[in-house]
>>> print(open('input_6.tsv').read())   # TSV, C-alpha atoms
chain	number	residue	atom	x	y	z
A	1	MET	CA	0.00	0.00	0.00
A	2	ILE	CA	2.81	2.44	0.83
A	3	LYS	CA	4.19	2.04	-2.71
A	4	LYS	CA	1.00	3.59	-4.13
A	5	LYS	CA	1.38	6.61	-1.86
A	6	ILE	CA	5.00	7.43	-2.78
A	7	PRO	CA	4.39	9.63	-5.90
A	8	GLY	CA	1.89	11.86	-4.09
A	9	ILE	CA	4.09	12.12	-0.98
A	10	ILE	CA	7.18	12.98	-3.05
A	11	ILE	CA	5.50	15.89	-4.84
A	12	THR	CA	4.26	17.34	-1.54
A	13	VAL	CA	7.77	17.08	-0.04
A	14	MET	CA	9.22	18.95	-3.03
A	15	LEU	CA	6.57	21.68	-2.94
A	16	ALA	CA	6.77	21.98	0.86
A	17	ALA	CA	10.55	22.48	0.63
A	18	VAL	CA	10.00	25.38	-1.79
A	19	ALA	CA	7.33	26.87	0.52
A	20	MET	CA	9.62	26.65	3.55
A	21	MET	CA	12.45	28.37	1.65
A	22	LEU	CA	10.10	31.14	0.52
A	23	SER	CA	8.93	31.71	4.10
A	24	GLU	CA	12.53	32.37	5.19
A	25	ILE	CA	13.20	35.12	2.64
A	26	LYS	CA	13.79	38.63	3.99
A	27	VAL	CA	13.41	41.83	1.98
A	28	GLY	CA	14.81	44.71	3.99
A	29	ALA	CA	13.01	44.81	7.33
A	30	PHE	CA	10.17	42.58	6.08
A	31	SER	CA	10.39	38.84	6.59
A	32	PHE	CA	8.16	36.46	4.65
A	33	ASP	CA	8.01	34.35	7.80
A	34	VAL	CA	4.99	36.46	8.77
A	35	ILE	CA	3.18	34.82	5.83
A	36	GLY	CA	4.34	31.37	6.87
A	37	ALA	CA	5.11	28.13	5.08
A	38	PRO	CA	1.51	26.76	5.37
A	39	VAL	CA	0.09	29.70	3.37
A	40	PHE	CA	2.84	29.46	0.75
A	41	SER	CA	2.17	25.71	0.57
A	42	ILE	CA	-1.54	26.12	-0.11
A	43	LEU	CA	-0.87	28.78	-2.74
A	44	ILE	CA	1.78	26.65	-4.47
A	45	GLY	CA	-0.56	23.64	-4.43
A	46	MET	CA	-3.39	25.67	-6.01
A	47	ILE	CA	-1.03	27.16	-8.63
A	48	ILE	CA	0.26	23.69	-9.57
A	49	THR	CA	-3.33	22.52	-10.08
A	50	LEU	CA	-4.04	25.55	-12.30
A	51	ILE	CA	-0.91	24.93	-14.39
A	52	LEU	CA	-1.30	21.15	-14.52
A	53	PRO	CA	-5.06	20.51	-14.23
A	54	GLY	CA	-5.92	16.92	-13.47
A	55	LEU	CA	-2.54	16.14	-11.89
A	56	HIS	CA	-4.08	15.75	-8.43
A	57	GLU	CA	-6.71	13.38	-9.85
A	58	LYS	CA	-4.24	10.96	-11.43
A	59	GLU	CA	-4.44	7.44	-10.06
A	60	SER	CA	-0.75	7.57	-9.13
A	61	MET	CA	-1.22	10.80	-7.11
A	62	VAL	CA	-4.52	10.36	-5.26
A	63	PRO	CA	-3.41	7.86	-2.54
A	64	GLY	CA	-0.32	9.89	-1.56
A	65	LEU	CA	-2.13	13.25	-1.56
A	66	ARG	CA	-4.98	11.84	0.53
A	67	PHE	CA	-2.52	10.23	2.97
A	68	THR	CA	-0.56	13.50	3.29
A	69	SER	CA	-3.59	15.73	3.84
A	70	LYS	CA	-4.98	13.39	6.53
A	71	LYS	CA	-2.38	11.22	8.27
A	72	ILE	CA	0.74	13.35	7.89
A	73	LEU	CA	-1.25	16.36	9.12
A	74	GLN	CA	-2.11	14.38	12.27
A	75	TRP	CA	1.55	13.35	12.72
A	76	ALA	CA	2.52	17.02	12.51
A	77	VAL	CA	0.17	17.86	15.38
A	78	ILE	CA	1.61	15.01	17.48
A	79	LEU	CA	5.17	16.25	16.89
A	80	LEU	CA	4.18	19.79	17.92
A	81	GLY	CA	3.47	18.36	21.37
A	82	PHE	CA	7.21	17.88	21.95
A	83	SER	CA	7.70	21.67	21.88
A	84	LEU	CA	5.32	22.21	24.82
A	85	ASN	CA	6.59	22.07	28.40
A	86	ILE	CA	3.26	22.29	30.21
A	87	GLY	CA	4.72	23.15	33.61
A	88	THR	CA	6.96	25.97	32.38
A	89	ILE	CA	4.28	27.42	30.11
A	90	LEU	CA	1.65	27.55	32.88
A	91	LYS	CA	4.13	28.95	35.39
A	92	VAL	CA	5.33	31.77	33.15
A	93	GLY	CA	2.10	32.31	31.23
A	94	GLY	CA	-0.28	31.89	34.18
A	95	LYS	CA	-0.76	35.62	34.56
A	96	SER	CA	-2.28	35.75	31.10
A	97	LEU	CA	-4.80	32.94	31.70
A	98	PRO	CA	-7.82	35.23	32.34
A	99	VAL	CA	-7.10	37.02	29.05
A	100	ILE	CA	-6.57	33.75	27.17
A	101	ILE	CA	-9.76	32.14	28.50
A	102	SER	CA	-11.78	35.29	27.73
A	103	THR	CA	-10.49	35.70	24.16
A	104	ILE	CA	-10.98	32.04	23.30
A	105	SER	CA	-14.51	32.01	24.71
A	106	ILE	CA	-15.49	35.25	22.95
A	107	SER	CA	-14.12	34.08	19.60
A	108	LEU	CA	-15.92	30.73	19.68
A	109	ILE	CA	-19.21	32.31	20.77
A	110	VAL	CA	-18.94	35.00	18.09
A	111	ALA	CA	-18.09	32.40	15.43
A	112	TYR	CA	-21.19	30.41	16.37
A	113	ILE	CA	-23.47	33.47	16.32
A	114	VAL	CA	-22.13	34.77	13.00
A	115	MET	CA	-22.41	31.25	11.52
A	116	LYS	CA	-26.12	31.20	12.43
A	117	ILE	CA	-26.75	34.69	11.09
A	118	THR	CA	-24.82	34.42	7.82
A	119	LYS	CA	-25.57	30.71	7.20
A	120	ILE	CA	-21.87	30.06	6.60
A	121	ASP	CA	-20.75	26.43	6.41
A	122	GLY	CA	-20.49	25.02	9.96
A	123	LYS	CA	-17.11	23.34	9.52
A	124	THR	CA	-15.56	26.46	7.98
A	125	ALA	CA	-16.94	28.54	10.84
A	126	CYS	CA	-15.54	26.08	13.38
A	127	LEU	CA	-12.07	26.16	11.79
A	128	ILE	CA	-11.99	29.96	11.60
A	129	GLY	CA	-13.26	30.30	15.17
A	130	VAL	CA	-10.71	27.82	16.53
A	131	GLY	CA	-7.89	29.19	14.36
A	132	SER	CA	-8.61	32.77	15.44
A	133	SER	CA	-8.94	31.97	19.13
A	134	ILE	CA	-6.14	29.44	19.69
A	135	CYS	CA	-3.15	29.32	17.40
A	136	GLY	CA	-3.95	29.75	13.75
A	137	GLY	CA	-2.70	27.00	11.45
A	138	SER	CA	-1.78	24.55	14.23
A	139	ALA	CA	-5.28	24.68	15.71
A	140	ILE	CA	-6.83	24.28	12.27
A	141	ALA	CA	-4.53	21.31	11.60
A	142	ALA	CA	-5.62	19.69	14.88
A	143	THR	CA	-9.33	20.42	14.45
A	144	ALA	CA	-9.79	19.56	10.76
A	145	PRO	CA	-9.46	15.76	11.18
A	146	VAL	CA	-11.75	15.81	14.23
A	147	ILE	CA	-14.65	17.45	12.36
A	148	ASP	CA	-13.86	15.79	8.99
A	149	ALA	CA	-13.29	19.13	7.25
A	150	ASP	CA	-12.49	18.84	3.55
A	151	GLU	CA	-9.66	20.52	1.66
A	152	SER	CA	-11.64	23.59	0.55
A	153	GLU	CA	-12.82	24.28	4.11
A	154	VAL	CA	-9.28	24.06	5.48
A	155	ALA	CA	-7.97	26.27	2.66
A	156	ARG	CA	-10.62	28.93	3.35
A	157	ALA	CA	-9.85	28.97	7.06
A	158	ILE	CA	-6.06	29.14	6.56
A	159	SER	CA	-6.45	31.96	4.01
A	160	VAL	CA	-8.62	34.03	6.37
A	161	ILE	CA	-6.27	33.50	9.32
A	162	PHE	CA	-3.29	34.48	7.14
A	163	LEU	CA	-4.86	37.80	6.10
A	164	PHE	CA	-5.50	38.98	9.65
A	165	ASN	CA	-2.13	37.68	10.83
A	166	VAL	CA	-0.36	39.96	8.36
A	167	ILE	CA	-2.55	42.95	9.26
A	168	ALA	CA	-1.88	42.35	12.98
A	169	ALA	CA	1.88	42.10	12.48
A	170	LEU	CA	1.89	45.40	10.57
A	171	VAL	CA	-0.58	47.39	12.71
A	172	PHE	CA	-0.49	46.12	16.30
A	173	PRO	CA	2.98	47.30	17.42
A	174	ALA	CA	2.28	50.97	16.66
A	175	PHE	CA	-1.35	50.62	17.81
A	176	GLY	CA	-0.37	49.10	21.17
A	177	HIS	CA	2.17	51.83	21.85
A	178	ALA	CA	-0.32	54.55	20.81
A	179	VAL	CA	-3.07	53.35	23.18
A	180	GLY	CA	-0.66	53.22	26.12
A	181	LEU	CA	-0.16	49.49	26.60
A	182	GLY	CA	2.78	48.73	28.88
A	183	SER	CA	5.51	46.45	27.56
A	184	GLU	CA	4.14	43.42	29.48
A	185	GLY	CA	0.60	44.43	28.55
A	186	PHE	CA	1.59	44.47	24.89
A	187	ALA	CA	3.28	41.06	25.18
A	188	ILE	CA	0.03	39.59	26.51
A	189	PHE	CA	-1.94	41.48	23.86
A	190	ALA	CA	0.26	40.08	21.07
A	191	GLY	CA	0.14	36.58	22.53
A	192	THR	CA	-3.67	36.56	22.74
A	193	ALA	CA	-4.82	38.73	19.82
A	194	VAL	CA	-2.48	37.48	17.07
A	195	ASN	CA	-3.17	34.03	15.65
A	196	ASP	CA	-0.12	32.22	14.35
A	197	THR	CA	3.19	31.79	16.20
A	198	SER	CA	5.25	33.29	13.36
A	199	SER	CA	3.02	36.38	13.33
A	200	VAL	CA	3.22	36.70	17.13
A	201	THR	CA	7.00	36.60	16.79
A	202	ALA	CA	7.01	39.27	14.06
A	203	THR	CA	4.59	41.50	15.99
A	204	ALA	CA	6.49	41.25	19.28
A	205	ALA	CA	9.91	41.73	17.66
A	206	THR	CA	8.70	44.94	16.00
A	207	ALA	CA	7.22	46.10	19.31
A	208	GLU	CA	10.59	45.65	21.05
A	209	ASN	CA	12.05	48.19	18.64
A	210	ILE	CA	9.18	50.64	19.16
A	211	TYR	CA	9.10	50.29	22.96
A	212	GLY	CA	12.88	50.02	23.29
A	213	VAL	CA	12.38	47.17	25.76
A	214	GLU	CA	13.76	43.62	25.55
A	215	GLY	CA	11.67	40.71	26.76
A	216	ILE	CA	8.44	41.49	24.89
A	217	LEU	CA	9.20	38.78	22.32
A	218	SER	CA	9.90	35.97	24.82
A	219	ALA	CA	6.89	36.95	26.96
A	220	ALA	CA	4.54	37.09	23.94
A	221	VAL	CA	5.68	33.68	22.67
A	222	THR	CA	5.17	32.18	26.14
A	223	VAL	CA	1.62	33.55	26.26
A	224	LYS	CA	1.05	32.16	22.76
A	225	LEU	CA	2.29	28.69	23.81
A	226	THR	CA	0.04	28.79	26.88
A	227	ARG	CA	-2.84	29.56	24.53
A	228	THR	CA	-1.82	26.61	22.34
A	229	LEU	CA	-2.68	24.21	25.18
A	230	ALA	CA	-6.35	25.01	24.50
A	231	ILE	CA	-6.06	22.69	21.48
A	232	ILE	CA	-6.48	19.79	23.93
A	233	PRO	CA	-9.87	20.61	25.53
A	234	ILE	CA	-11.30	22.08	22.32
A	235	THR	CA	-10.55	19.04	20.15
A	236	LEU	CA	-11.65	16.61	22.86
A	237	ALA	CA	-14.91	18.55	23.32
A	238	LEU	CA	-15.54	18.49	19.56
A	239	SER	CA	-14.91	14.74	19.46
A	240	VAL	CA	-17.35	14.16	22.33
A	241	TRP	CA	-19.95	16.25	20.49
A	242	LYS	CA	-19.32	14.22	17.35
A	243	ILE	CA	-19.68	10.94	19.24
A	244	MET	CA	-22.95	12.10	20.81
A	245	LYS	CA	-24.22	13.13	17.39
A	246	ALA	CA	-23.20	9.75	15.96
A	247	GLY	CA	-24.97	8.01	18.85
A	248	LYS	CA	-28.14	9.90	18.00
A	249	ASN	CA	-27.79	8.77	14.38
A	250	GLN	CA	-27.38	5.17	15.59
A	251	ASN	CA	-30.72	5.44	17.35
A	252	GLU	CA	-32.12	6.35	13.97
A	253	GLY	CA	-30.67	3.15	12.48
A	254	LYS	CA	-27.25	4.42	11.36
A	255	SER	CA	-24.12	2.64	12.62
A	256	TYR	CA	-20.96	4.30	13.90
A	257	SER	CA	-17.66	3.46	15.59
A	258	ILE	CA	-16.17	5.46	18.48
A	259	ARG	CA	-12.74	4.23	17.38
A	260	GLY	CA	-13.32	5.77	13.97
A	261	ILE	CA	-14.50	9.09	15.44
A	262	PHE	CA	-12.30	9.76	18.48
A	263	PRO	CA	-9.11	11.73	17.62
A	264	PHE	CA	-6.51	9.42	19.17
A	265	PHE	CA	-3.74	11.57	17.68
A	266	ILE	CA	-4.63	14.25	20.27
A	267	LEU	CA	-3.82	11.74	23.02
A	268	TYR	CA	-0.40	11.24	21.41
A	269	PHE	CA	-0.02	15.04	21.26
A	270	ILE	CA	-0.70	15.18	25.02
A	271	ALA	CA	1.75	12.30	25.61
A	272	ALA	CA	4.46	14.19	23.67
A	273	ALA	CA	3.88	17.32	25.77
A	274	VAL	CA	4.02	15.25	28.97
A	275	ILE	CA	7.35	13.72	27.90
A	276	THR	CA	8.82	17.20	27.37
A	277	THR	CA	7.39	18.36	30.70
A	278	VAL	CA	8.94	15.40	32.54
A	279	MET	CA	12.28	16.00	30.81
A	280	GLY	CA	12.09	19.60	32.01
A	281	VAL	CA	11.99	18.62	35.71
A	282	ILE	CA	14.74	15.97	35.50
A	283	PRO	CA	18.04	17.35	36.86
A	284	PRO	CA	20.24	18.70	34.02
A	285	SER	CA	22.36	16.00	32.38
A	286	GLU	CA	23.82	15.07	29.02
A	287	MET	CA	20.53	13.34	28.15
A	288	THR	CA	18.32	16.34	28.95
A	289	GLY	CA	20.80	18.64	27.22
A	290	LEU	CA	20.62	16.60	24.01
A	291	TYR	CA	16.83	16.42	24.30
A	292	PHE	CA	16.26	20.17	24.40
A	293	ASP	CA	19.23	21.27	22.29
A	294	ARG	CA	18.86	18.80	19.44
A	295	PHE	CA	15.77	16.60	19.65
A	296	VAL	CA	13.12	19.29	20.23
A	297	PRO	CA	14.38	21.70	17.49
A	298	ALA	CA	14.62	18.78	15.03
A	299	VAL	CA	11.10	17.59	15.83
A	300	LYS	CA	9.71	21.14	15.50
A	301	TRP	CA	11.33	21.40	12.05
A	302	ILE	CA	9.85	18.06	10.96
A	303	ALA	CA	6.43	19.16	12.25
A	304	LYS	CA	6.73	22.35	10.20
A	305	LEU	CA	7.64	20.29	7.12
A	306	PHE	CA	4.71	17.91	7.67
A	307	ILE	CA	2.24	20.80	7.99
A	308	ALA	CA	3.63	22.36	4.81
A	309	MET	CA	3.30	19.01	3.00
A	310	ALA	CA	-0.30	18.60	4.14
A	311	MET	CA	-1.17	22.14	3.05
A	312	CYS	CA	0.37	21.46	-0.39
A	313	ALA	CA	-1.91	18.44	-0.76
A	314	ILE	CA	-4.89	20.49	0.41
A	315	GLY	CA	-4.01	23.28	-2.02
A	316	MET	CA	-3.78	20.85	-4.93
A	317	ASN	CA	-7.27	19.57	-4.11
A	318	THR	CA	-8.79	23.05	-3.72
A	319	ASN	CA	-10.83	24.75	-6.43
A	320	LEU	CA	-9.47	28.30	-6.51
A	321	SER	CA	-12.52	29.87	-8.17
A	322	GLU	CA	-14.79	28.17	-5.64
A	323	LEU	CA	-12.57	29.41	-2.83
A	324	VAL	CA	-12.85	33.03	-4.05
A	325	LYS	CA	-16.58	32.68	-4.70
A	326	LYS	CA	-17.31	31.49	-1.14
A	327	GLY	CA	-14.67	33.63	0.53
A	328	GLY	CA	-16.79	36.69	1.37
A	329	LYS	CA	-18.63	35.26	4.37
A	330	SER	CA	-15.45	33.59	5.63
A	331	LEU	CA	-13.60	36.93	5.55
A	332	LEU	CA	-16.47	38.61	7.41
A	333	LEU	CA	-16.41	35.91	10.07
A	334	GLY	CA	-12.62	36.13	10.40
A	335	PHE	CA	-12.78	39.92	10.74
A	336	ILE	CA	-15.49	39.82	13.42
A	337	CYS	CA	-13.61	37.10	15.38
A	338	TRP	CA	-10.37	39.09	15.10
A	339	MET	CA	-11.99	42.33	16.29
A	340	SER	CA	-13.78	40.58	19.16
A	341	ILE	CA	-10.53	38.96	20.33
A	342	THR	CA	-8.67	42.28	20.10
A	343	THR	CA	-11.38	44.06	22.11
A	344	ALA	CA	-11.64	41.28	24.70
A	345	SER	CA	-7.87	41.17	25.23
A	346	LEU	CA	-7.65	44.92	25.87
A	347	LEU	CA	-10.79	44.99	28.03
A	348	VAL	CA	-9.77	42.08	30.28
A	349	GLN	CA	-6.30	43.58	30.69
A	350	HIS	CA	-7.94	46.80	31.85
A	351	LEU	CA	-10.12	44.93	34.34
A	352	THR	CA	-7.24	42.84	35.74
A	353	GLY	CA	-4.74	45.72	35.90
A	354	ILE	CA	-2.30	44.20	33.40
A	355	TYR	CA	-2.85	46.91	30.76
A	356	TYR	CA	-0.13	49.31	31.95
A	357	SER	CA	2.23	46.71	33.41
A	358	GLU	CA	5.86	46.77	32.35
A	359	ILE	CA	8.41	43.99	31.85
A	360	ILE	CA	11.07	44.06	34.53
A	361	VAL	CA	14.38	43.31	32.83
>>> encode(input="input_6.tsv", output="structure tokens")
Amino acid sequence: MIKKKIPGIIITVMLAAVAMMLSEIKVGAFSFDVIGAPVFSILIGMIITLILPGLHEKESMVPGLRFTSKKILQWAVILLGFSLNIGTILKVGGKSLPVIISTISISLIVAYIVMKITKIDGKTACLIGVGSSICGGSAIAATAPVIDADESEVARAISVIFLFNVIAALVFPAFGHAVGLGSEGFAIFAGTAVNDTSSVTATAATAENIYGVEGILSAAVTVKLTRTLAIIPITLALSVWKIMKAGKNQNEGKSYSIRGIFPFFILYFIAAAVITTVMGVIPPSEMTGLYFDRFVPAVKWIAKLFIAMAMCAIGMNTNLSELVKKGGKSLLLGFICWMSITTASLLVQHLTGIYYSEIIV
């Protein structure tokens, strides 16, 4: 069976490598990392399909592309778990928890309300809501297999998240300084109101130059990683909802399997995070040094490659004209989620007294 998948896997590896190289290009002060390899991957996949129509439908390509967009995407999420030290993240990012919980809750509620009002596709709304509130592409990658989202739904969600990531990276540093956010307040703002990790990094790095304060970047990334932990309860809750829905269908004479519905890859993601957490409390040694200095960076790179590969496969199976045609409501939903998260982050910081707080170097 693996032999049939090789051609499709090979083409996604090649395209993903190009996407990752593009994301590392810098032009003056602007770095294409703010766009990110996943977005480049989807775009490259769609362009390839436009240039070579029918390539993704060839018998030699279908098994590998399907395997990459489903299984390899799940493997990427599992590998991301190795970059999360739960204990350290909660200890350092604990102060931001009220803001994180508020922004996630507001975004998901708003996504549900807007979905009902605009009649937007439920799976697309779920992906945009989760991507906006938790961690952009990683959250979408984790949620898509749980809700059985198809390629076009994932592509729409990633495209929307990308647009507001770029706007945030360009606008938020000057905006935060103008409205009087303290350096720590801005770090929490960037970590909760910007979606993807690369965009949080770009936003916080720019803010350090504007504020003239070091430490905003590391604090913002820590808040962002704390927020990433929400992937666990959200995906588990969605799987429980899906199982309950399937059980209702069974009562109506339709069969289902919990094993086929439950996202076991999320359990492996948790196990990976637990391993890193345990390694973090073991007294320093050659083993722990190798783990954090070599193993974790290598695994993070592989996870990034896997996500790029999956997005290439998704892009190749996405109808570009259909994506543009149905993109209006998705953009509206993304904008409303983004604005609600931004407002909630600033408001909760005001209420908790974090707003004007400064980083002590």
>>> residues_near_point(input="input_6.tsv", point="(8.3, 27.0, 2.3)", cutoff="9 Å", atoms="only C-alpha atoms", output="PyMOL selection string")
chain A and resi 15-24+36-41+305+308
>>> write_last_selection(input="input_6.tsv", atoms="C-alpha atoms", output="mmCIF file, in the coordinates of the input")
data_model
loop_
_atom_site.group_PDB
_atom_site.id
_atom_site.type_symbol
_atom_site.label_atom_id
_atom_site.label_comp_id
_atom_site.auth_asym_id
_atom_site.auth_seq_id
_atom_site.Cartn_x
_atom_site.Cartn_y
_atom_site.Cartn_z
ATOM 1 C CA LEU A 15 6.570 21.680 -2.940
ATOM 2 C CA ALA A 16 6.770 21.980 0.860
ATOM 3 C CA ALA A 17 10.550 22.480 0.630
ATOM 4 C CA VAL A 18 10.000 25.380 -1.790
ATOM 5 C CA ALA A 19 7.330 26.870 0.520
ATOM 6 C CA MET A 20 9.620 26.650 3.550
ATOM 7 C CA MET A 21 12.450 28.370 1.650
ATOM 8 C CA LEU A 22 10.100 31.140 0.520
ATOM 9 C CA SER A 23 8.930 31.710 4.100
ATOM 10 C CA GLU A 24 12.530 32.370 5.190
ATOM 11 C CA GLY A 36 4.340 31.370 6.870
ATOM 12 C CA ALA A 37 5.110 28.130 5.080
ATOM 13 C CA PRO A 38 1.510 26.760 5.370
ATOM 14 C CA VAL A 39 0.090 29.700 3.370
ATOM 15 C CA PHE A 40 2.840 29.460 0.750
ATOM 16 C CA SER A 41 2.170 25.710 0.570
ATOM 17 C CA LEU A 305 7.640 20.290 7.120
ATOM 18 C CA ALA A 308 3.630 22.360 4.810
#
>>> closest_residue(input="input_6.tsv", among="A:Ser69, A:Ser218, A:Thr235, A:Ser132", to="A:Ser105", atoms="all atoms listed in the file")
A:Ser132
>>> closest_residue(input="input_6.tsv", among="A:Lys329, A:Ile140, A:Gly280, A:Thr226", to="A:Leu90", atoms="all atoms listed in the file")
A:Thr226
>>> closest_residue(input="input_6.tsv", among="A:Ile266, A:Ile128, A:Ala220, A:Val179", to="A:Val110", atoms="only C-alpha atoms")
A:Ile128
>>> residues_near_point(input="input_6.tsv", point="(0.9, 29.6, 11.2)", cutoff="6 Å", atoms="only C-alpha atoms", output="PyMOL selection string")
chain A and resi 36+136-137+196-197
>>> closest_residue(input="input_6.tsv", among="A:Leu127, A:Met14, A:Leu181, A:Ile232", to="A:His350", atoms="only C-alpha atoms")
A:Leu181
>>> atom_distance(input="input_6.tsv", atom1="atom CA of A:Ser83", atom2="atom CA of A:Arg227")
13.4 Å
>>> closest_residue(input="input_6.tsv", among="A:Leu229, A:Leu80, A:Ala139, A:Ser183", to="A:Gly212", atoms="all atoms listed in the file")
A:Ser183
>>> atom_distance(input="input_6.tsv", atom1="atom CA of A:Ala204", atom2="atom CA of A:Ile89")
17.7 Å
>>> atom_distance(input="input_6.tsv", atom1="atom CA of A:Leu331", atom2="atom CA of A:Val160")
5.8 Å
>>> closest_residue(input="input_6.tsv", among="A:Ser357, A:Thr277, A:Thr228, A:Asn209", to="A:Cys135", atoms="all atoms listed in the file")
A:Thr228
>>> residues_around(input="input_6.tsv", residues="A:Arg156", least_positions_apart="6", cutoff="8 Å", atoms="only C-alpha atoms", output="PyMOL selection string")
chain A and resi 124+323+327+330
>>> residues_around(input="input_6.tsv", residues="stretch 43-51 of chain A", least_positions_apart="6", cutoff="10 Å", atoms="all atoms listed in the file", output="list of chain:residue names")
A:Ile11, A:Thr12, A:Leu15, A:Ala16, A:Val18, A:Ala19, A:Ala37, A:Glu57, A:Ala155, A:Ser159, A:Met309, A:Ala310, A:Met311, A:Cys312, A:Ala313, A:Ile314, A:Gly315, A:Met316, A:Asn317, A:Thr318, A:Asn319, A:Leu320
>>> write_last_selection(input="input_6.tsv", atoms="C-alpha atoms", output="PDB file, keeping the file's coordinate frame")
ATOM      1  CA  ILE A  11       5.500  15.890  -4.840  1.00  0.00           C
ATOM      2  CA  THR A  12       4.260  17.340  -1.540  1.00  0.00           C
ATOM      3  CA  LEU A  15       6.570  21.680  -2.940  1.00  0.00           C
ATOM      4  CA  ALA A  16       6.770  21.980   0.860  1.00  0.00           C
ATOM      5  CA  VAL A  18      10.000  25.380  -1.790  1.00  0.00           C
ATOM      6  CA  ALA A  19       7.330  26.870   0.520  1.00  0.00           C
ATOM      7  CA  ALA A  37       5.110  28.130   5.080  1.00  0.00           C
ATOM      8  CA  GLU A  57      -6.710  13.380  -9.850  1.00  0.00           C
ATOM      9  CA  ALA A 155      -7.970  26.270   2.660  1.00  0.00           C
ATOM     10  CA  SER A 159      -6.450  31.960   4.010  1.00  0.00           C
ATOM     11  CA  MET A 309       3.300  19.010   3.000  1.00  0.00           C
ATOM     12  CA  ALA A 310      -0.300  18.600   4.140  1.00  0.00           C
ATOM     13  CA  MET A 311      -1.170  22.140   3.050  1.00  0.00           C
ATOM     14  CA  CYS A 312       0.370  21.460  -0.390  1.00  0.00           C
ATOM     15  CA  ALA A 313      -1.910  18.440  -0.760  1.00  0.00           C
ATOM     16  CA  ILE A 314      -4.890  20.490   0.410  1.00  0.00           C
ATOM     17  CA  GLY A 315      -4.010  23.280  -2.020  1.00  0.00           C
ATOM     18  CA  MET A 316      -3.780  20.850  -4.930  1.00  0.00           C
ATOM     19  CA  ASN A 317      -7.270  19.570  -4.110  1.00  0.00           C
ATOM     20  CA  THR A 318      -8.790  23.050  -3.720  1.00  0.00           C
ATOM     21  CA  ASN A 319     -10.830  24.750  -6.430  1.00  0.00           C
ATOM     22  CA  LEU A 320      -9.470  28.300  -6.510  1.00  0.00           C
TER      23      LEU A 320
END
>>> residues_around(input="input_6.tsv", residues="A:Ile134", least_positions_apart="6", cutoff="12 Å", atoms="all atoms listed in the file", output="mmCIF file with C-alpha atoms, keeping the file's coordinate frame")
data_model
loop_
_atom_site.group_PDB
_atom_site.id
_atom_site.type_symbol
_atom_site.label_atom_id
_atom_site.label_comp_id
_atom_site.auth_asym_id
_atom_site.auth_seq_id
_atom_site.Cartn_x
_atom_site.Cartn_y
_atom_site.Cartn_z
ATOM 1 C CA ILE A 100 -6.570 33.750 27.170
ATOM 2 C CA ILE A 101 -9.760 32.140 28.500
ATOM 3 C CA SER A 102 -11.780 35.290 27.730
ATOM 4 C CA THR A 103 -10.490 35.700 24.160
ATOM 5 C CA ILE A 104 -10.980 32.040 23.300
ATOM 6 C CA SER A 105 -14.510 32.010 24.710
ATOM 7 C CA ILE A 106 -15.490 35.250 22.950
ATOM 8 C CA SER A 107 -14.120 34.080 19.600
ATOM 9 C CA LEU A 108 -15.920 30.730 19.680
ATOM 10 C CA CYS A 126 -15.540 26.080 13.380
ATOM 11 C CA LEU A 127 -12.070 26.160 11.790
ATOM 12 C CA ILE A 128 -11.990 29.960 11.600
ATOM 13 C CA ILE A 140 -6.830 24.280 12.270
ATOM 14 C CA ALA A 141 -4.530 21.310 11.600
ATOM 15 C CA ALA A 142 -5.620 19.690 14.880
ATOM 16 C CA THR A 143 -9.330 20.420 14.450
ATOM 17 C CA ILE A 161 -6.270 33.500 9.320
ATOM 18 C CA GLY A 191 0.140 36.580 22.530
ATOM 19 C CA THR A 192 -3.670 36.560 22.740
ATOM 20 C CA ALA A 193 -4.820 38.730 19.820
ATOM 21 C CA VAL A 194 -2.480 37.480 17.070
ATOM 22 C CA ASN A 195 -3.170 34.030 15.650
ATOM 23 C CA ASP A 196 -0.120 32.220 14.350
ATOM 24 C CA THR A 197 3.190 31.790 16.200
ATOM 25 C CA VAL A 223 1.620 33.550 26.260
ATOM 26 C CA LYS A 224 1.050 32.160 22.760
ATOM 27 C CA LEU A 225 2.290 28.690 23.810
ATOM 28 C CA THR A 226 0.040 28.790 26.880
ATOM 29 C CA ARG A 227 -2.840 29.560 24.530
ATOM 30 C CA THR A 228 -1.820 26.610 22.340
ATOM 31 C CA LEU A 229 -2.680 24.210 25.180
ATOM 32 C CA ALA A 230 -6.350 25.010 24.500
ATOM 33 C CA ILE A 231 -6.060 22.690 21.480
ATOM 34 C CA ILE A 232 -6.480 19.790 23.930
ATOM 35 C CA PRO A 233 -9.870 20.610 25.530
ATOM 36 C CA ILE A 234 -11.300 22.080 22.320
ATOM 37 C CA THR A 235 -10.550 19.040 20.150
ATOM 38 C CA CYS A 337 -13.610 37.100 15.380
ATOM 39 C CA TRP A 338 -10.370 39.090 15.100
ATOM 40 C CA ILE A 341 -10.530 38.960 20.330
#
>>> residues_around(input="input_6.tsv", residues="stretch 59-62 of chain A", least_positions_apart="5", cutoff="8 Å", atoms="only C-alpha atoms", output="list of chain:residue names")
A:Lys4, A:Lys5, A:Pro7, A:Gly8
